[in-house]
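A.B. asks: Here it is: the structure, laid out below.
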Amino acid sequence: MKTIYIILIIVAVIISIYGIIYLSTKYAANVEIKRLNRIKKIDEKIRYPILEDLLKFASEKAEENNIKLIPSFGTLLGLVREKEIIRHDYDIDLFLYEEDWFKFKKIMKENNRYKYKEINHLWHHKYGIYDEKTELGIDFERIYNSNKEIKLDVFLSFTGSGVRDGEIIWKEAFRKKFKKDIFEPLEKKDTKYGSLYFPNKSEELMEIWYGKDWRTPR
């Protein structure tokens with residue numbers, strides 16, 4: 001009988017933990033969705049120059065401090081496909097290796113041009129800078145470099161754009177692992193926003209993230 005009670009207690013604890021994780025993640029997702037809904041209403045003529053200035057500012061600070069900024073997701077897609085930020089995008093995404101991530105965090109926290117933000121939500125950790133008036137900003141995500149693979153830090157993922165439906169993709173709530181040669185060696189490139197470090201196989205990453213037709217704008 002005692003064994004049954006212990007099992008029931010363990011099950012109850014596990015259910016409670018998963019319930020807390022689900023509710024807190026859902027809350028964080030709703031906050032992000034509301035922010036994106038506000039941002040998407042900003043006219044491109046206002047939005048685009050702010051995003052460009054944000055990326056220029058970050059790349060300038062990174063260059064000054066010998067830090068490698070790695071464009072990711074929609075930012076990488078735009079730079080590879082169109083040589084610039086995608087016109088209809090709403091934020092900038094950048095990766096940094098763990099050591100650089102912590103070093104740049106201090107620099108961004110002390111900057112006097114943009115507002116600093118930090119998210120520490122269970123397994124969802126990142127920081128960024130943003131334009132206070134519009135909430136447009138940059139997210140700095142952390143990646144881990146091991147002997148055999150590259151791991152991306154965890155962040156919330158949504159079906160669609162997240163703006164339309166906001167459903168969390170639970171299968172992506174884990175660190176993503178990639179073969180090392182997809183990212184390394186990084187290739188330093190001069191862009192219209194300053195020097196950035198591109199993954200070794202950017203096109204392969206685009207296919208993983210956006211499908212085989214990633215070259216066709218949608």
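Residues are referred to by chain and number: the chain letter is A, B, ... according to the order shown in the structure tokens, the number counts from 1 in that chain, and ligands are numbered separately from 1 in the order shown.
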Based on the backbone DSSP call, show me all residues of chain A assigned strand (DSSP E), as a PDB file with N, CA and C atoms, in the first residue's frame.

C.D. replies:
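Output below, filename selection-v2.pdb:
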ATOM      1  N   ILE A  70      26.480  36.154 -35.476  1.00  0.00           N
ATOM      2  CA  ILE A  70      26.091  35.204 -36.517  1.00  0.00           C
ATOM      3  C   ILE A  70      24.622  35.404 -36.859  1.00  0.00           C
ATOM      4  N   PRO A  71      24.302  35.899 -38.058  1.00  0.00           N
ATOM      5  CA  PRO A  71      22.889  36.074 -38.427  1.00  0.00           C
ATOM      6  C   PRO A  71      22.164  34.736 -38.459  1.00  0.00           C
ATOM      7  N   ILE A  92      15.345  41.328 -35.611  1.00  0.00           N
ATOM      8  CA  ILE A  92      16.645  40.824 -36.036  1.00  0.00           C
ATOM      9  C   ILE A  92      17.009  39.667 -35.110  1.00  0.00           C
ATOM     10  N   ASP A  93      17.501  38.575 -35.701  1.00  0.00           N
ATOM     11  CA  ASP A  93      17.932  37.418 -34.920  1.00  0.00           C
ATOM     12  C   ASP A  93      19.416  37.173 -35.141  1.00  0.00           C
ATOM     13  N   LEU A  94      20.148  37.088 -34.030  1.00  0.00           N
ATOM     14  CA  LEU A  94      21.583  36.849 -34.114  1.00  0.00           C
ATOM     15  C   LEU A  94      22.001  35.772 -33.117  1.00  0.00           C
ATOM     16  N   PHE A  95      22.920  34.907 -33.546  1.00  0.00           N
ATOM     17  CA  PHE A  95      23.512  33.906 -32.662  1.00  0.00           C
ATOM     18  C   PHE A  95      24.873  34.401 -32.189  1.00  0.00           C
ATOM     19  N   LEU A  96      25.255  33.965 -30.997  1.00  0.00           N
ATOM     20  CA  LEU A  96      26.615  34.164 -30.505  1.00  0.00           C
ATOM     21  C   LEU A  96      27.055  32.892 -29.800  1.00  0.00           C
ATOM     22  N   TYR A  97      28.334  32.544 -29.951  1.00  0.00           N
ATOM     23  CA  TYR A  97      28.876  31.461 -29.149  1.00  0.00           C
ATOM     24  C   TYR A  97      28.788  31.844 -27.680  1.00  0.00           C
ATOM     25  N   LYS A 115      17.109  50.360 -25.459  1.00  0.00           N
ATOM     26  CA  LYS A 115      16.674  49.709 -24.239  1.00  0.00           C
ATOM     27  C   LYS A 115      17.157  48.252 -24.230  1.00  0.00           C
ATOM     28  N   TYR A 116      17.491  47.784 -23.062  1.00  0.00           N
ATOM     29  CA  TYR A 116      17.961  46.404 -22.902  1.00  0.00           C
ATOM     30  C   TYR A 116      16.830  45.556 -22.338  1.00  0.00           C
ATOM     31  N   LYS A 117      16.716  44.325 -22.816  1.00  0.00           N
ATOM     32  CA  LYS A 117      15.711  43.407 -22.279  1.00  0.00           C
ATOM     33  C   LYS A 117      16.365  42.051 -22.038  1.00  0.00           C
ATOM     34  N   GLU A 118      15.800  41.311 -21.098  1.00  0.00           N
ATOM     35  CA  GLU A 118      16.338  39.993 -20.787  1.00  0.00           C
ATOM     36  C   GLU A 118      15.184  39.058 -20.462  1.00  0.00           C
ATOM     37  N   ILE A 119      15.238  37.852 -20.999  1.00  0.00           N
ATOM     38  CA  ILE A 119      14.199  36.848 -20.741  1.00  0.00           C
ATOM     39  C   ILE A 119      14.838  35.634 -20.096  1.00  0.00           C
ATOM     40  N   ASN A 120      14.377  35.298 -18.897  1.00  0.00           N
ATOM     41  CA  ASN A 120      14.811  34.088 -18.219  1.00  0.00           C
ATOM     42  C   ASN A 120      13.565  33.321 -17.817  1.00  0.00           C
ATOM     43  N   HIS A 121      13.076  32.533 -18.757  1.00  0.00           N
ATOM     44  CA  HIS A 121      11.804  31.844 -18.579  1.00  0.00           C
ATOM     45  C   HIS A 121      12.031  30.343 -18.692  1.00  0.00           C
ATOM     46  N   HIS A 124      13.935  29.015 -21.481  1.00  0.00           N
ATOM     47  CA  HIS A 124      13.936  30.011 -22.550  1.00  0.00           C
ATOM     48  C   HIS A 124      14.736  31.229 -22.104  1.00  0.00           C
ATOM     49  N   HIS A 125      16.004  31.307 -22.526  1.00  0.00           N
ATOM     50  CA  HIS A 125      16.882  32.384 -22.074  1.00  0.00           C
ATOM     51  C   HIS A 125      17.443  33.162 -23.267  1.00  0.00           C
ATOM     52  N   LYS A 126      17.288  34.451 -23.221  1.00  0.00           N
ATOM     53  CA  LYS A 126      17.880  35.304 -24.243  1.00  0.00           C
ATOM     54  C   LYS A 126      17.892  36.737 -23.733  1.00  0.00           C
ATOM     55  N   TYR A 127      18.593  37.600 -24.452  1.00  0.00           N
ATOM     56  CA  TYR A 127      18.537  39.026 -24.161  1.00  0.00           C
ATOM     57  C   TYR A 127      18.499  39.777 -25.477  1.00  0.00           C
ATOM     58  N   GLY A 128      18.271  41.067 -25.395  1.00  0.00           N
ATOM     59  CA  GLY A 128      18.190  41.839 -26.625  1.00  0.00           C
ATOM     60  C   GLY A 128      18.179  43.324 -26.362  1.00  0.00           C
ATOM     61  N   ILE A 129      18.166  44.081 -27.431  1.00  0.00           N
ATOM     62  CA  ILE A 129      18.012  45.532 -27.350  1.00  0.00           C
ATOM     63  C   ILE A 129      16.846  45.909 -28.248  1.00  0.00           C
ATOM     64  N   TYR A 130      16.174  47.001 -27.916  1.00  0.00           N
ATOM     65  CA  TYR A 130      15.028  47.390 -28.718  1.00  0.00           C
ATOM     66  C   TYR A 130      14.798  48.893 -28.686  1.00  0.00           C
ATOM     67  N   GLY A 137      13.332  45.269 -32.292  1.00  0.00           N
ATOM     68  CA  GLY A 137      14.599  44.981 -31.636  1.00  0.00           C
ATOM     69  C   GLY A 137      15.378  43.825 -32.209  1.00  0.00           C
ATOM     70  N   ILE A 138      16.443  43.486 -31.505  1.00  0.00           N
ATOM     71  CA  ILE A 138      17.313  42.370 -31.838  1.00  0.00           C
ATOM     72  C   ILE A 138      17.272  41.369 -30.695  1.00  0.00           C
ATOM     73  N   ASP A 139      17.182  40.087 -31.039  1.00  0.00           N
ATOM     74  CA  ASP A 139      17.312  39.021 -30.054  1.00  0.00           C
ATOM     75  C   ASP A 139      18.676  38.362 -30.221  1.00  0.00           C
ATOM     76  N   PHE A 140      19.386  38.217 -29.125  1.00  0.00           N
ATOM     77  CA  PHE A 140      20.689  37.556 -29.138  1.00  0.00           C
ATOM     78  C   PHE A 140      20.534  36.181 -28.504  1.00  0.00           C
ATOM     79  N   GLU A 141      20.681  35.132 -29.331  1.00  0.00           N
ATOM     80  CA  GLU A 141      20.520  33.758 -28.881  1.00  0.00           C
ATOM     81  C   GLU A 141      21.885  33.106 -28.673  1.00  0.00           C
ATOM     82  N   ARG A 142      21.946  32.173 -27.752  1.00  0.00           N
ATOM     83  CA  ARG A 142      23.209  31.528 -27.400  1.00  0.00           C
ATOM     84  C   ARG A 142      23.352  30.173 -28.100  1.00  0.00           C
ATOM     85  N   ILE A 143      24.564  29.886 -28.596  1.00  0.00           N
ATOM     86  CA  ILE A 143      24.841  28.562 -29.149  1.00  0.00           C
ATOM     87  C   ILE A 143      26.047  27.956 -28.440  1.00  0.00           C
ATOM     88  N   TYR A 144      26.036  26.631 -28.364  1.00  0.00           N
ATOM     89  CA  TYR A 144      27.074  25.900 -27.642  1.00  0.00           C
ATOM     90  C   TYR A 144      27.930  25.125 -28.637  1.00  0.00           C
ATOM     91  N   ASN A 145      29.223  25.226 -28.455  1.00  0.00           N
ATOM     92  CA  ASN A 145      30.178  24.612 -29.372  1.00  0.00           C
ATOM     93  C   ASN A 145      30.891  23.456 -28.668  1.00  0.00           C
ATOM     94  N   GLU A 149      29.431  18.664 -32.159  1.00  0.00           N
ATOM     95  CA  GLU A 149      28.214  19.290 -32.683  1.00  0.00           C
ATOM     96  C   GLU A 149      28.026  20.707 -32.176  1.00  0.00           C
ATOM     97  N   ILE A 150      27.084  21.374 -32.803  1.00  0.00           N
ATOM     98  CA  ILE A 150      26.672  22.710 -32.375  1.00  0.00           C
ATOM     99  C   ILE A 150      25.252  22.596 -31.819  1.00  0.00           C
ATOM    100  N   LYS A 151      25.038  23.191 -30.645  1.00  0.00           N
ATOM    101  CA  LYS A 151      23.705  23.169 -30.049  1.00  0.00           C
ATOM    102  C   LYS A 151      23.175  24.598 -29.954  1.00  0.00           C
ATOM    103  N   LEU A 152      21.927  24.772 -30.355  1.00  0.00           N
ATOM    104  CA  LEU A 152      21.284  26.070 -30.229  1.00  0.00           C
ATOM    105  C   LEU A 152      20.548  26.128 -28.909  1.00  0.00           C
ATOM    106  N   LYS A 176      18.466  22.405 -30.057  1.00  0.00           N
ATOM    107  CA  LYS A 176      18.633  21.872 -31.404  1.00  0.00           C
ATOM    108  C   LYS A 176      20.097  21.522 -31.648  1.00  0.00           C
ATOM    109  N   LYS A 177      20.340  20.367 -32.223  1.00  0.00           N
ATOM    110  CA  LYS A 177      21.700  19.923 -32.491  1.00  0.00           C
ATOM    111  C   LYS A 177      21.964  19.912 -33.995  1.00  0.00           C
ATOM    112  N   PHE A 178      23.139  20.392 -34.374  1.00  0.00           N
ATOM    113  CA  PHE A 178      23.539  20.419 -35.777  1.00  0.00           C
ATOM    114  C   PHE A 178      24.946  19.860 -35.908  1.00  0.00           C
ATOM    115  N   LYS A 179      25.219  19.264 -37.061  1.00  0.00           N
ATOM    116  CA  LYS A 179      26.575  18.830 -37.343  1.00  0.00           C
ATOM    117  C   LYS A 179      27.479  20.051 -37.354  1.00  0.00           C
ATOM    118  N   GLU A 187      32.284  32.162 -41.750  1.00  0.00           N
ATOM    119  CA  GLU A 187      32.854  33.006 -42.804  1.00  0.00           C
ATOM    120  C   GLU A 187      32.501  34.467 -42.539  1.00  0.00           C
ATOM    121  N   LYS A 188      33.513  35.272 -42.316  1.00  0.00           N
ATOM    122  CA  LYS A 188      33.290  36.696 -42.076  1.00  0.00           C
ATOM    123  C   LYS A 188      32.979  37.391 -43.392  1.00  0.00           C
ATOM    124  N   LYS A 189      31.856  38.119 -43.418  1.00  0.00           N
ATOM    125  CA  LYS A 189      31.446  38.818 -44.633  1.00  0.00           C
ATOM    126  C   LYS A 189      31.092  40.261 -44.313  1.00  0.00           C
ATOM    127  N   ASP A 190      31.425  41.126 -45.250  1.00  0.00           N
ATOM    128  CA  ASP A 190      31.020  42.531 -45.134  1.00  0.00           C
ATOM    129  C   ASP A 190      29.619  42.682 -45.717  1.00  0.00           C
ATOM    130  N   THR A 191      28.702  43.206 -44.925  1.00  0.00           N
ATOM    131  CA  THR A 191      27.344  43.471 -45.384  1.00  0.00           C
ATOM    132  C   THR A 191      27.096  44.967 -45.328  1.00  0.00           C
ATOM    133  N   GLY A 194      27.578  46.161 -41.806  1.00  0.00           N
ATOM    134  CA  GLY A 194      28.825  45.902 -41.103  1.00  0.00           C
ATOM    135  C   GLY A 194      29.237  44.452 -41.266  1.00  0.00           C
ATOM    136  N   SER A 195      30.301  44.065 -40.581  1.00  0.00           N
ATOM    137  CA  SER A 195      30.828  42.707 -40.700  1.00  0.00           C
ATOM    138  C   SER A 195      30.031  41.735 -39.827  1.00  0.00           C
ATOM    139  N   LEU A 196      29.659  40.594 -40.425  1.00  0.00           N
ATOM    140  CA  LEU A 196      28.940  39.544 -39.716  1.00  0.00           C
ATOM    141  C   LEU A 196      29.564  38.197 -40.070  1.00  0.00           C
ATOM    142  N   TYR A 197      29.329  37.202 -39.240  1.00  0.00           N
ATOM    143  CA  TYR A 197      29.925  35.884 -39.440  1.00  0.00           C
ATOM    144  C   TYR A 197      28.845  34.890 -39.869  1.00  0.00           C
ATOM    145  N   PHE A 198      28.958  34.396 -41.089  1.00  0.00           N
ATOM    146  CA  PHE A 198      27.948  33.514 -41.664  1.00  0.00           C
ATOM    147  C   PHE A 198      28.300  32.051 -41.409  1.00  0.00           C
TER     148      PHE A 198
END

A.B. asks: Excluding same-chain residues fewer than 2 positions from Lys133 (chain A), what lies within 12 Å of it counting only C-alpha atoms, as an MDAnalysis selection string?

C.D. replies: chainID A and resid 38:39 42 46:47 50 114:115 130:131 135:137

A.B. asks: Just give me the gap between CA of Lys40 (chain A) and CA of Tyr90 (chain A) in Å, one decimal is fine.

C.D. replies: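 So the two atoms, CA of Lys40 (chain A) and CA of Tyr90 (chain A), lie 6.8 Å apart.
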
A.B. asks: Which residue out of A:Lys103, A:Arg215, A:Arg87, A:Arg35 has the minimum interatomic distance to Lys61 (chain A) when only C-alpha atoms are used?

C.D. replies: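 With only C-alpha atoms as the atom set, the closest residue is A:Lys103.
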
A.B. asks: Could you please write out, as a PyMOL selection string, every residue of region 29-68 of chain A that DSSP assigns to alpha helix (DSSP H)?

C.D. replies: chain A and resi 29-39+44-64

A.B. asks: Calculated over only C-alpha atoms, which of the candidates A:Glu32, A:Glu204, A:Glu99, A:Asp181 has the smallest distance to Lys68 (chain A)?

C.D. replies: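 Among A:Glu32, A:Glu204, A:Glu99, A:Asp181, it is A:Glu99 that comes nearest to Lys68 (chain A).
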